[in-house]
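Okay, entry-v9.txt now, which holds compact mmCIF, C-alpha atoms and all ligand atoms:
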# COMPACT_ATOMS: atom_id res chain seq x y z
CA MET A 1 -11.21 -6.31 8.39
CA LEU A 2 -8.03 -4.48 9.35
CA LYS A 3 -7.78 -2.87 12.76
CA LEU A 4 -5.00 -0.62 14.04
CA ASN A 5 -5.24 -0.08 17.79
CA ASN A 6 -3.20 2.72 19.37
CA ILE A 7 -0.21 2.21 17.11
CA SER A 8 2.92 4.24 17.82
CA LYS A 9 6.39 4.17 16.34
CA SER A 10 9.45 6.30 17.04
CA TYR A 11 12.82 6.40 15.35
CA ASN A 12 16.21 7.38 16.77
CA LYS A 13 15.42 6.35 20.35
CA GLY A 14 12.25 8.38 20.53
CA GLU A 15 13.56 11.56 18.93
CA VAL A 16 11.25 11.26 15.92
CA LYS A 17 7.70 10.15 16.66
CA ALA A 18 6.73 8.98 13.19
CA VAL A 19 3.35 7.47 14.15
CA ASP A 20 1.55 8.74 17.21
CA ASN A 21 -1.18 6.65 18.81
CA LEU A 22 -2.99 5.87 15.59
CA ASN A 23 -6.37 4.16 15.41
CA LEU A 24 -8.01 2.94 12.21
CA GLU A 25 -10.61 0.39 11.26
CA ILE A 26 -10.88 -0.64 7.64
CA LYS A 27 -13.70 -2.84 6.46
CA SER A 28 -13.44 -5.73 4.05
CA GLY A 29 -14.49 -4.72 0.56
CA GLU A 30 -13.22 -1.20 1.07
CA ILE A 31 -10.68 0.79 -0.95
CA PHE A 32 -8.96 2.95 1.59
CA GLY A 33 -6.72 5.87 0.67
CA PHE A 34 -3.98 7.02 3.01
CA LEU A 35 -2.89 10.59 2.33
CA GLY A 36 -0.52 12.99 4.03
CA PRO A 37 2.44 15.29 3.43
CA ASN A 38 5.98 13.94 3.02
CA GLY A 39 7.21 12.56 6.31
CA ALA A 40 3.70 12.29 7.80
CA GLY A 41 4.08 8.61 8.73
CA LYS A 42 2.38 6.75 5.86
CA THR A 43 5.23 4.40 4.97
CA THR A 44 5.98 3.78 8.64
CA THR A 45 2.34 2.79 9.23
CA ILE A 46 2.30 0.55 6.16
CA LYS A 47 5.53 -1.18 7.18
CA MET A 48 4.03 -1.94 10.59
CA ILE A 49 0.91 -3.43 8.99
CA VAL A 50 2.90 -5.73 6.71
CA GLY A 51 5.22 -6.86 9.49
CA LEU A 52 8.42 -5.06 8.47
CA LEU A 53 8.55 -2.65 11.42
CA LYS A 54 7.48 -3.54 14.93
CA PRO A 55 5.19 -1.00 16.57
CA ASP A 56 6.49 0.43 19.86
CA GLU A 57 2.94 0.24 21.11
CA GLY A 58 -0.42 -1.01 19.94
CA LYS A 59 -1.89 -3.89 18.02
CA ILE A 60 -2.66 -4.63 14.39
CA ILE A 61 -5.33 -7.23 13.69
CA LEU A 62 -6.18 -8.56 10.23
CA ASP A 63 -9.28 -10.73 10.02
CA GLY A 64 -8.81 -11.79 13.63
CA VAL A 65 -5.07 -12.50 13.25
CA ASP A 66 -2.58 -10.44 15.24
CA VAL A 67 -0.05 -9.35 12.63
CA TRP A 68 2.81 -9.42 15.11
CA GLN A 69 1.85 -12.47 17.20
CA ASP A 70 0.95 -14.74 14.31
CA SER A 71 3.11 -13.09 11.71
CA LEU A 72 3.51 -15.94 9.22
CA ARG A 73 -0.23 -16.47 9.03
CA ALA A 74 -0.81 -12.74 8.68
CA LYS A 75 1.81 -12.45 5.94
CA SER A 76 0.16 -15.22 3.96
CA MET A 77 -2.99 -13.06 3.91
CA ILE A 78 -1.23 -9.88 2.77
CA SER A 79 0.16 -8.71 -0.55
CA TYR A 80 2.41 -5.69 -0.30
CA VAL A 81 3.78 -3.36 -2.96
CA PRO A 82 6.48 -1.15 -1.41
CA ASP A 83 7.17 2.44 -2.45
CA ASN A 84 10.53 1.48 -3.86
CA PRO A 85 10.72 -1.57 -6.16
CA GLU A 86 14.31 -2.39 -5.23
CA ILE A 87 14.42 -6.14 -5.77
CA TYR A 88 16.99 -8.78 -6.64
CA ASP A 89 18.84 -7.21 -9.56
CA ARG A 90 20.64 -10.41 -10.54
CA LEU A 91 17.59 -12.59 -10.99
CA ASN A 92 15.67 -12.41 -14.20
CA GLY A 93 11.98 -11.52 -14.22
CA ILE A 94 10.59 -15.03 -14.35
CA GLU A 95 13.01 -16.29 -11.67
CA TYR A 96 11.79 -13.56 -9.35
CA LEU A 97 8.12 -14.36 -9.98
CA ASN A 98 8.73 -18.08 -9.39
CA PHE A 99 10.63 -17.30 -6.21
CA ILE A 100 7.70 -15.29 -4.84
CA ALA A 101 5.20 -17.93 -6.01
CA ASP A 102 7.27 -20.61 -4.21
CA MET A 103 7.20 -18.60 -1.00
CA TYR A 104 3.44 -18.30 -1.12
CA GLY A 105 3.06 -21.97 -2.10
CA ILE A 106 1.24 -21.21 -5.34
CA SER A 107 0.75 -24.19 -7.66
CA LYS A 108 2.46 -24.36 -11.07
CA GLU A 109 -0.86 -24.19 -12.85
CA GLU A 110 -2.12 -21.18 -10.92
CA ARG A 111 1.12 -19.22 -11.20
CA THR A 112 1.48 -19.86 -14.94
CA LYS A 113 -2.02 -18.55 -15.52
CA LYS A 114 -1.55 -15.46 -13.40
CA ILE A 115 1.95 -14.64 -14.63
CA GLU A 116 0.74 -14.80 -18.21
CA TYR A 117 -2.29 -12.66 -17.48
CA TYR A 118 -0.63 -9.90 -15.47
CA THR A 119 2.62 -9.63 -17.44
CA LYS A 120 0.57 -9.26 -20.62
CA LEU A 121 -1.67 -6.70 -18.96
CA PHE A 122 1.34 -4.69 -17.79
CA ASN A 123 3.18 -5.28 -21.03
CA ILE A 124 6.34 -6.79 -19.54
CA GLU A 125 5.92 -10.34 -20.86
CA ASP A 126 8.77 -9.95 -23.37
CA SER A 127 11.23 -8.83 -20.67
CA LEU A 128 10.79 -11.73 -18.25
CA GLY A 129 13.98 -13.43 -19.46
CA ASP A 130 16.08 -10.30 -18.79
CA ILE A 131 17.84 -9.60 -15.52
CA ILE A 132 15.98 -7.20 -13.25
CA GLY A 133 19.03 -4.92 -13.12
CA SER A 134 18.25 -3.97 -16.71
CA PHE A 135 14.60 -3.06 -15.99
CA SER A 136 13.44 0.56 -15.87
CA HIS A 137 11.82 1.84 -12.65
CA GLY A 138 8.33 1.35 -14.08
CA MET A 139 9.14 -2.16 -15.31
CA LYS A 140 10.38 -3.12 -11.84
CA GLN A 141 7.21 -1.64 -10.36
CA LYS A 142 5.13 -3.78 -12.72
CA LEU A 143 7.10 -6.90 -11.84
CA VAL A 144 6.53 -6.27 -8.14
CA LEU A 145 2.83 -5.68 -8.80
CA THR A 146 2.62 -8.93 -10.74
CA SER A 147 4.35 -10.81 -7.93
CA ALA A 148 1.97 -9.28 -5.37
CA LEU A 149 -0.99 -10.43 -7.44
CA LEU A 150 0.13 -14.08 -7.62
CA ASN A 151 -1.17 -14.61 -4.12
CA ASP A 152 -4.86 -14.21 -3.38
CA PRO A 153 -4.61 -11.76 -0.48
CA ASN A 154 -7.27 -10.64 2.00
CA LEU A 155 -5.37 -7.37 2.19
CA PHE A 156 -3.72 -5.69 -0.76
CA ILE A 157 -1.52 -2.90 0.52
CA LEU A 158 0.36 -0.52 -1.72
CA ASP A 159 2.69 2.38 -0.94
CA GLU A 160 2.39 5.05 -3.65
CA PRO A 161 1.65 2.47 -6.35
CA MET A 162 1.03 4.90 -9.22
CA VAL A 163 4.52 6.41 -9.09
CA GLY A 164 6.39 5.54 -12.27
CA LEU A 165 3.52 3.70 -13.94
CA ASP A 166 2.49 4.72 -17.44
CA PRO A 167 -1.15 5.88 -17.87
CA LYS A 168 -2.41 2.55 -19.20
CA SER A 169 -0.82 0.53 -16.40
CA SER A 170 -2.07 2.97 -13.84
CA PHE A 171 -5.58 2.59 -15.27
CA ASN A 172 -5.25 -1.22 -15.21
CA LEU A 173 -4.04 -1.16 -11.63
CA LYS A 174 -7.05 0.91 -10.56
CA GLU A 175 -9.32 -1.62 -12.27
CA ILE A 176 -7.58 -4.46 -10.42
CA MET A 177 -8.01 -2.62 -7.11
CA ARG A 178 -11.72 -2.15 -7.79
CA LYS A 179 -12.15 -5.79 -8.74
CA MET A 180 -10.46 -6.94 -5.54
CA CYS A 181 -12.82 -4.86 -3.45
CA ASN A 182 -15.80 -6.25 -5.30
CA GLU A 183 -14.53 -9.68 -4.27
CA GLY A 184 -14.60 -8.55 -0.63
CA LYS A 185 -10.87 -7.94 -0.23
CA THR A 186 -9.44 -4.89 1.48
CA VAL A 187 -7.29 -2.47 -0.49
CA PHE A 188 -5.18 0.03 1.43
CA PHE A 189 -2.89 2.41 -0.40
CA SER A 190 -0.99 5.63 0.11
CA THR A 191 -0.85 8.27 -2.57
CA HIS A 192 -0.04 11.89 -3.26
CA VAL A 193 -2.34 11.91 -6.27
CA MET A 194 -5.49 13.57 -5.04
CA GLU A 195 -7.53 12.78 -8.17
CA VAL A 196 -6.85 9.07 -7.78
CA ALA A 197 -7.85 9.08 -4.13
CA GLU A 198 -10.96 11.13 -4.84
CA LYS A 199 -12.18 8.88 -7.64
CA LEU A 200 -11.13 5.50 -6.34
CA CYS A 201 -11.48 5.43 -2.58
CA ASP A 202 -14.48 4.50 -0.50
CA ARG A 203 -12.86 6.24 2.45
CA ILE A 204 -9.81 8.38 3.00
CA ALA A 205 -7.60 9.17 5.97
CA ILE A 206 -5.26 12.14 6.08
CA ILE A 207 -2.29 11.75 8.38
CA ASN A 208 -0.06 14.60 9.49
CA LYS A 209 2.86 14.40 11.92
CA GLY A 210 1.89 10.84 12.81
CA LYS A 211 -1.73 11.59 13.69
CA ILE A 212 -4.95 11.16 11.73
CA ILE A 213 -6.38 14.62 11.10
CA ALA A 214 -9.29 13.62 8.85
CA LEU A 215 -11.15 10.41 8.15
CA GLY A 216 -14.20 9.53 6.12
CA THR A 217 -15.84 9.35 2.72
CA MET A 218 -15.33 12.24 0.31
CA GLU A 219 -18.73 13.60 1.36
CA GLU A 220 -17.78 13.47 5.02
CA LEU A 221 -14.46 15.19 4.38
CA ARG A 222 -16.22 17.86 2.34
CA ALA A 223 -18.69 18.49 5.14
CA HIS A 224 -15.84 19.29 7.54
CA ALA A 225 -13.86 21.58 5.28
CA LYS A 226 -14.44 25.19 4.35
CA GLU A 227 -13.15 24.73 0.82
CA ARG A 228 -15.56 22.04 -0.25
CA GLU A 229 -14.80 21.49 -3.87
CA SER A 230 -11.86 19.21 -4.34
CA LEU A 231 -9.88 16.84 -2.18
CA GLU A 232 -6.82 18.90 -3.06
CA ASN A 233 -8.35 21.96 -1.41
CA ILE A 234 -9.46 19.97 1.62
CA PHE A 235 -6.00 18.45 1.94
CA LEU A 236 -4.25 21.82 1.70
CA GLU A 237 -6.62 23.43 4.17
CA LEU A 238 -6.31 20.68 6.76
CA THR A 239 -2.56 20.17 6.53
CA ASP A 240 -1.87 23.94 6.54
CA ASN A 241 -3.84 24.35 9.75
CA GLU A 242 -1.69 21.87 11.61
N1 LIG A 301 14.54 4.70 9.02
C1 LIG A 301 14.26 5.86 9.60
N2 LIG A 301 15.08 6.40 10.53
C2 LIG A 301 14.77 7.57 11.12
N3 LIG A 301 13.67 8.28 10.86
C3 LIG A 301 12.82 7.81 9.94
C4 LIG A 301 13.08 6.57 9.26
N4 LIG A 301 12.06 6.35 8.39
C5 LIG A 301 11.23 7.39 8.54
N5 LIG A 301 11.68 8.27 9.45
C6 LIG A 301 11.01 9.51 9.88
O1 LIG A 301 9.68 9.19 10.26
C7 LIG A 301 8.77 10.17 9.79
C8 LIG A 301 7.72 9.50 8.92
O2 LIG A 301 8.33 8.99 7.73
P1 LIG A 301 7.52 8.12 6.65
O3 LIG A 301 8.51 7.55 5.72
O4 LIG A 301 6.63 7.19 7.37
O5 LIG A 301 6.65 9.25 5.94
P2 LIG A 301 5.70 9.19 4.66
O6 LIG A 301 4.37 9.72 5.09
O7 LIG A 301 5.73 7.84 4.05
O8 LIG A 301 6.38 10.27 3.68
P3 LIG A 301 6.48 10.31 2.07
O9 LIG A 301 5.21 10.92 1.57
O10 LIG A 301 7.64 11.24 1.84
O11 LIG A 301 6.73 8.93 1.57
C9 LIG A 301 9.63 11.25 9.10
O12 LIG A 301 9.87 12.24 10.04
C10 LIG A 301 10.91 10.52 8.76
O13 LIG A 301 12.00 11.41 8.77
MG MG A 302 6.35 7.12 2.21
Rewrite the structure from the file as structure tokens, please.
Amino acid sequence: MLKLNNISKSYNKGEVKAVDNLNLEIKSGEIFGFLGPNGAGKTTTIKMIVGLLKPDEGKIILDGVDVWQDSLRAKSMISYVPDNPEIYDRLNGIEYLNFIADMYGISKEERTKKIEYYTKLFNIEDSLGDIIGSFSHGMKQKLVLTSALLNDPNLFILDEPMVGLDPKSSFNLKEIMRKMCNEGKTVFFSTHVMEVAEKLCDRIAIINKGKIIALGTMEELRAHAKERESLENIFLELTDNE
């Protein structure tokens, strides 16, 4: 279970309050979608959860571990796919995957199996000997996804993971996310693709100007909106009102 307790974060010495006293509780086995307009605070929240940005206030607890007090232990339980797959351009694909596997202490046997499986699934197995600088955006995204899947995380957290992925890879990723939840893991991801959120997520939060303005299952969100048909309509209605 992931718990965010009164999390706040400002930039530029308090001029921009990116995340404003945010509370969330996400259960194990749940696919949780994090939606919101550009600049709403999604990436800032995600970076605080994965230990890249320190909250000004509040606590983040993952399965009983305080992400900021016991950060190494927390990090070993988290796999993170950032919004921008800017990684070491001068390594080749397989060097990068082995580097990540070394950091997580994954055995040779386990990593070989997983690297083979996921690089075939994402169709990048023939490029692993090439330097990452020569990869397209989507290929880098797939390499980062593969590296995130080498570990066996309690929390799989992804920032706009579908951006740049071809339809088949996007489909495969959604299947992987579902499978992880069925295994009792927590999947938390941000997206601007309403259809993906609507179809995939057990629950959804909409954040605007650093605050949660809606939270619940699709049915619960529908019940609170005037335009009840699609998540797109609900999103537009709620974020326009703010
Ligand atoms: N490094 C930074 N320095 C200053 N301000 C920042 C920084 N990063 C983000 N912000 C500000 O914090 C707010 C939240 O940004 P954030 O990146 O979390 O939004 P987001 O919801 O991820 O948006 P998007 O959908 O565009 O990815 C915005 O007002 C943004 O300008
Ligand atoms: Mg973002």
Counting all atoms listed in the file, which protein, DNA or RNA residues come within 12 Å of ligand MG 302 (chain A), given as a PyMOL selection string? chain A and resi 18+34-47+81-84+158-161+163+189-192+207
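Distances here use all atoms listed in the file; by that measure, the residue among A:Ser169, A:Asn154, A:Ser147, A:Asn92 closest to Ile132 of chain A is A:Asn92.
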For Ile157 of chain A, which of A:Gly64, A:Gly51, A:Gly14, A:Gly133 is the closest residue, counting all atoms listed in the file?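 Closest residue, counting all atoms listed in the file: A:Gly51.
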Which of these, A:Lys54, A:His137, A:Lys27, A:Lys120, has the shortest distance to Asp202 of chain A once you count all atoms listed in the file? A:Lys27
Tell me which residues come within 10 Å of (-5.3, 17.9, 1.9), as a ChimeraX atom specification, counting all atoms listed in the file in the file's coordinates. /A:35-37,192,194,205-208,213-214,221,225,230-240
With only C-alpha atoms as the atoms that count, which of A:Ile176, A:Leu143, A:Leu97, A:Leu24 lies nearest to Phe122 of chain A? A:Leu143
Near Gly216 of chain A, within 6 Å and counting only C-alpha atoms, which residues show up once chain neighbours fewer than 4 positions away are dropped, as a ChimeraX atom specification? /A:203-204,220-221
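Counting only C-alpha atoms and all ligand atoms and comparing A:Trp68, A:Ser10, A:Ile212, A:Glu195, the residue that lies closest to ligand LIG 301 (chain A) is A:Ser10.
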Calculate how many Å separate atom CA of Leu52 of chain A from atom P1 of ligand LIG 301 (chain A), rounding to one decimal.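 It comes out at 13.3 Å.
For the pair atom CA of Ser79 of chain A and atom P3 of ligand LIG 301 (chain A), the separation is 20.2 Å.
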Shortest interatomic distance to ligand LIG 301 (chain A) - which of A:Ile106, A:Leu53, A:Ala74, A:Val16, counting only C-alpha atoms and all ligand atoms: A:Val16
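Atom CA of Met1 of chain A is positioned 28.1 Å from atom CA of Tyr117 of chain A.
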Taking all atoms of segment 34-45 of chain A that the file lists and extending 4 Å past them on each side, where is the centre of the axis-aligned box and how long are its edges? Answer in Å to one decimal, as JSON.
{"center_x": 1.6, "center_y": 9.0, "center_z": 5.8, "size_x": 19.2, "size_y": 20.5, "size_z": 14.9}
May I have the residues within 8 Å of Arg111 of chain A as a list in words, using all atoms listed in the file and disregarding those fewer than 3 positions away in the same chain? Asn98, Ala101, Ile106, Ser107, Lys108, Lys114, Ile115 and Leu150 of chain A
Starting from the sparse input, extend segment 166-198 of chain A to N, CA and C atoms and give the output as a JSON list (two decimals), in the frame of the given file.
[["chain", "number", "residue", "atom", "x", "y", "z"],
["A", 166, "ASP", "N", 3.04, 4.00, -16.31],
["A", 166, "ASP", "CA", 2.49, 4.72, -17.44],
["A", 166, "ASP", "C", 0.96, 4.77, -17.31],
["A", 167, "PRO", "N", 0.29, 5.68, -18.05],
["A", 167, "PRO", "CA", -1.15, 5.88, -17.87],
["A", 167, "PRO", "C", -1.98, 4.59, -18.02],
["A", 168, "LYS", "N", -1.62, 3.75, -18.98],
["A", 168, "LYS", "CA", -2.41, 2.55, -19.20],
["A", 168, "LYS", "C", -2.26, 1.58, -18.01],
["A", 169, "SER", "N", -1.04, 1.43, -17.53],
["A", 169, "SER", "CA", -0.82, 0.53, -16.40],
["A", 169, "SER", "C", -1.48, 1.05, -15.14],
["A", 170, "SER", "N", -1.43, 2.35, -14.98],
["A", 170, "SER", "CA", -2.07, 2.97, -13.84],
["A", 170, "SER", "C", -3.59, 2.73, -13.90],
["A", 171, "PHE", "N", -4.15, 2.87, -15.07],
["A", 171, "PHE", "CA", -5.58, 2.59, -15.27],
["A", 171, "PHE", "C", -5.87, 1.12, -14.94],
["A", 172, "ASN", "N", -5.04, 0.21, -15.48],
["A", 172, "ASN", "CA", -5.25, -1.22, -15.21],
["A", 172, "ASN", "C", -5.15, -1.55, -13.73],
["A", 173, "LEU", "N", -4.19, -0.91, -13.06],
["A", 173, "LEU", "CA", -4.04, -1.16, -11.63],
["A", 173, "LEU", "C", -5.29, -0.72, -10.87],
["A", 174, "LYS", "N", -5.83, 0.43, -11.24],
["A", 174, "LYS", "CA", -7.05, 0.91, -10.56],
["A", 174, "LYS", "C", -8.21, -0.07, -10.77],
["A", 175, "GLU", "N", -8.29, -0.62, -11.99],
["A", 175, "GLU", "CA", -9.32, -1.62, -12.27],
["A", 175, "GLU", "C", -9.14, -2.87, -11.39],
["A", 176, "ILE", "N", -7.88, -3.28, -11.25],
["A", 176, "ILE", "CA", -7.58, -4.46, -10.42],
["A", 176, "ILE", "C", -7.99, -4.19, -8.96],
["A", 177, "MET", "N", -7.67, -2.97, -8.49],
["A", 177, "MET", "CA", -8.01, -2.62, -7.11],
["A", 177, "MET", "C", -9.52, -2.67, -6.89],
["A", 178, "ARG", "N", -10.25, -2.12, -7.89],
["A", 178, "ARG", "CA", -11.72, -2.15, -7.79],
["A", 178, "ARG", "C", -12.25, -3.57, -7.76],
["A", 179, "LYS", "N", -11.69, -4.41, -8.64],
["A", 179, "LYS", "CA", -12.15, -5.79, -8.74],
["A", 179, "LYS", "C", -11.91, -6.53, -7.41],
["A", 180, "MET", "N", -10.76, -6.28, -6.81],
["A", 180, "MET", "CA", -10.46, -6.94, -5.54],
["A", 180, "MET", "C", -11.47, -6.57, -4.47],
["A", 181, "CYS", "N", -11.83, -5.30, -4.43],
["A", 181, "CYS", "CA", -12.82, -4.86, -3.45],
["A", 181, "CYS", "C", -14.17, -5.50, -3.71],
["A", 182, "ASN", "N", -14.52, -5.60, -4.98],
["A", 182, "ASN", "CA", -15.80, -6.25, -5.30],
["A", 182, "ASN", "C", -15.81, -7.70, -4.84],
["A", 183, "GLU", "N", -14.62, -8.29, -4.75],
["A", 183, "GLU", "CA", -14.53, -9.68, -4.27],
["A", 183, "GLU", "C", -14.46, -9.74, -2.74],
["A", 184, "GLY", "N", -14.58, -8.58, -2.10],
["A", 184, "GLY", "CA", -14.60, -8.55, -0.63],
["A", 184, "GLY", "C", -13.24, -8.39, 0.02],
["A", 185, "LYS", "N", -12.21, -8.16, -0.78],
["A", 185, "LYS", "CA", -10.87, -7.94, -0.23],
["A", 185, "LYS", "C", -10.75, -6.49, 0.25],
["A", 186, "THR", "N", -9.71, -6.25, 1.02],
["A", 186, "THR", "CA", -9.44, -4.89, 1.48],
["A", 186, "THR", "C", -8.25, -4.34, 0.71],
["A", 187, "VAL", "N", -8.41, -3.12, 0.21],
["A", 187, "VAL", "CA", -7.29, -2.47, -0.49],
["A", 187, "VAL", "C", -6.93, -1.20, 0.27],
["A", 188, "PHE", "N", -5.67, -1.11, 0.65],
["A", 188, "PHE", "CA", -5.18, 0.03, 1.43],
["A", 188, "PHE", "C", -3.99, 0.61, 0.68],
["A", 189, "PHE", "N", -4.05, 1.86, 0.31],
["A", 189, "PHE", "CA", -2.89, 2.41, -0.40],
["A", 189, "PHE", "C", -2.64, 3.88, -0.06],
["A", 190, "SER", "N", -1.35, 4.23, -0.12],
["A", 190, "SER", "CA", -0.99, 5.63, 0.11],
["A", 190, "SER", "C", -0.80, 6.27, -1.25],
["A", 191, "THR", "N", -1.07, 7.56, -1.31],
["A", 191, "THR", "CA", -0.85, 8.27, -2.57],
["A", 191, "THR", "C", -0.73, 9.77, -2.32],
["A", 192, "HIS", "N", -0.04, 10.43, -3.25],
["A", 192, "HIS", "CA", -0.04, 11.89, -3.26],
["A", 192, "HIS", "C", -0.92, 12.41, -4.39],
["A", 193, "VAL", "N", -1.52, 11.49, -5.13],
["A", 193, "VAL", "CA", -2.34, 11.91, -6.27],
["A", 193, "VAL", "C", -3.79, 12.05, -5.82],
["A", 194, "MET", "N", -4.18, 13.29, -5.62],
["A", 194, "MET", "CA", -5.49, 13.57, -5.04],
["A", 194, "MET", "C", -6.64, 13.06, -5.93],
["A", 195, "GLU", "N", -6.46, 13.20, -7.25],
["A", 195, "GLU", "CA", -7.53, 12.78, -8.17],
["A", 195, "GLU", "C", -7.78, 11.27, -8.04],
["A", 196, "VAL", "N", -6.70, 10.52, -7.89],
["A", 196, "VAL", "CA", -6.85, 9.07, -7.78],
["A", 196, "VAL", "C", -7.61, 8.72, -6.50],
["A", 197, "ALA", "N", -7.20, 9.36, -5.41],
["A", 197, "ALA", "CA", -7.85, 9.08, -4.13],
["A", 197, "ALA", "C", -9.33, 9.46, -4.20],
["A", 198, "GLU", "N", -9.59, 10.62, -4.77],
["A", 198, "GLU", "CA", -10.96, 11.13, -4.84],
["A", 198, "GLU", "C", -11.87, 10.20, -5.64]]
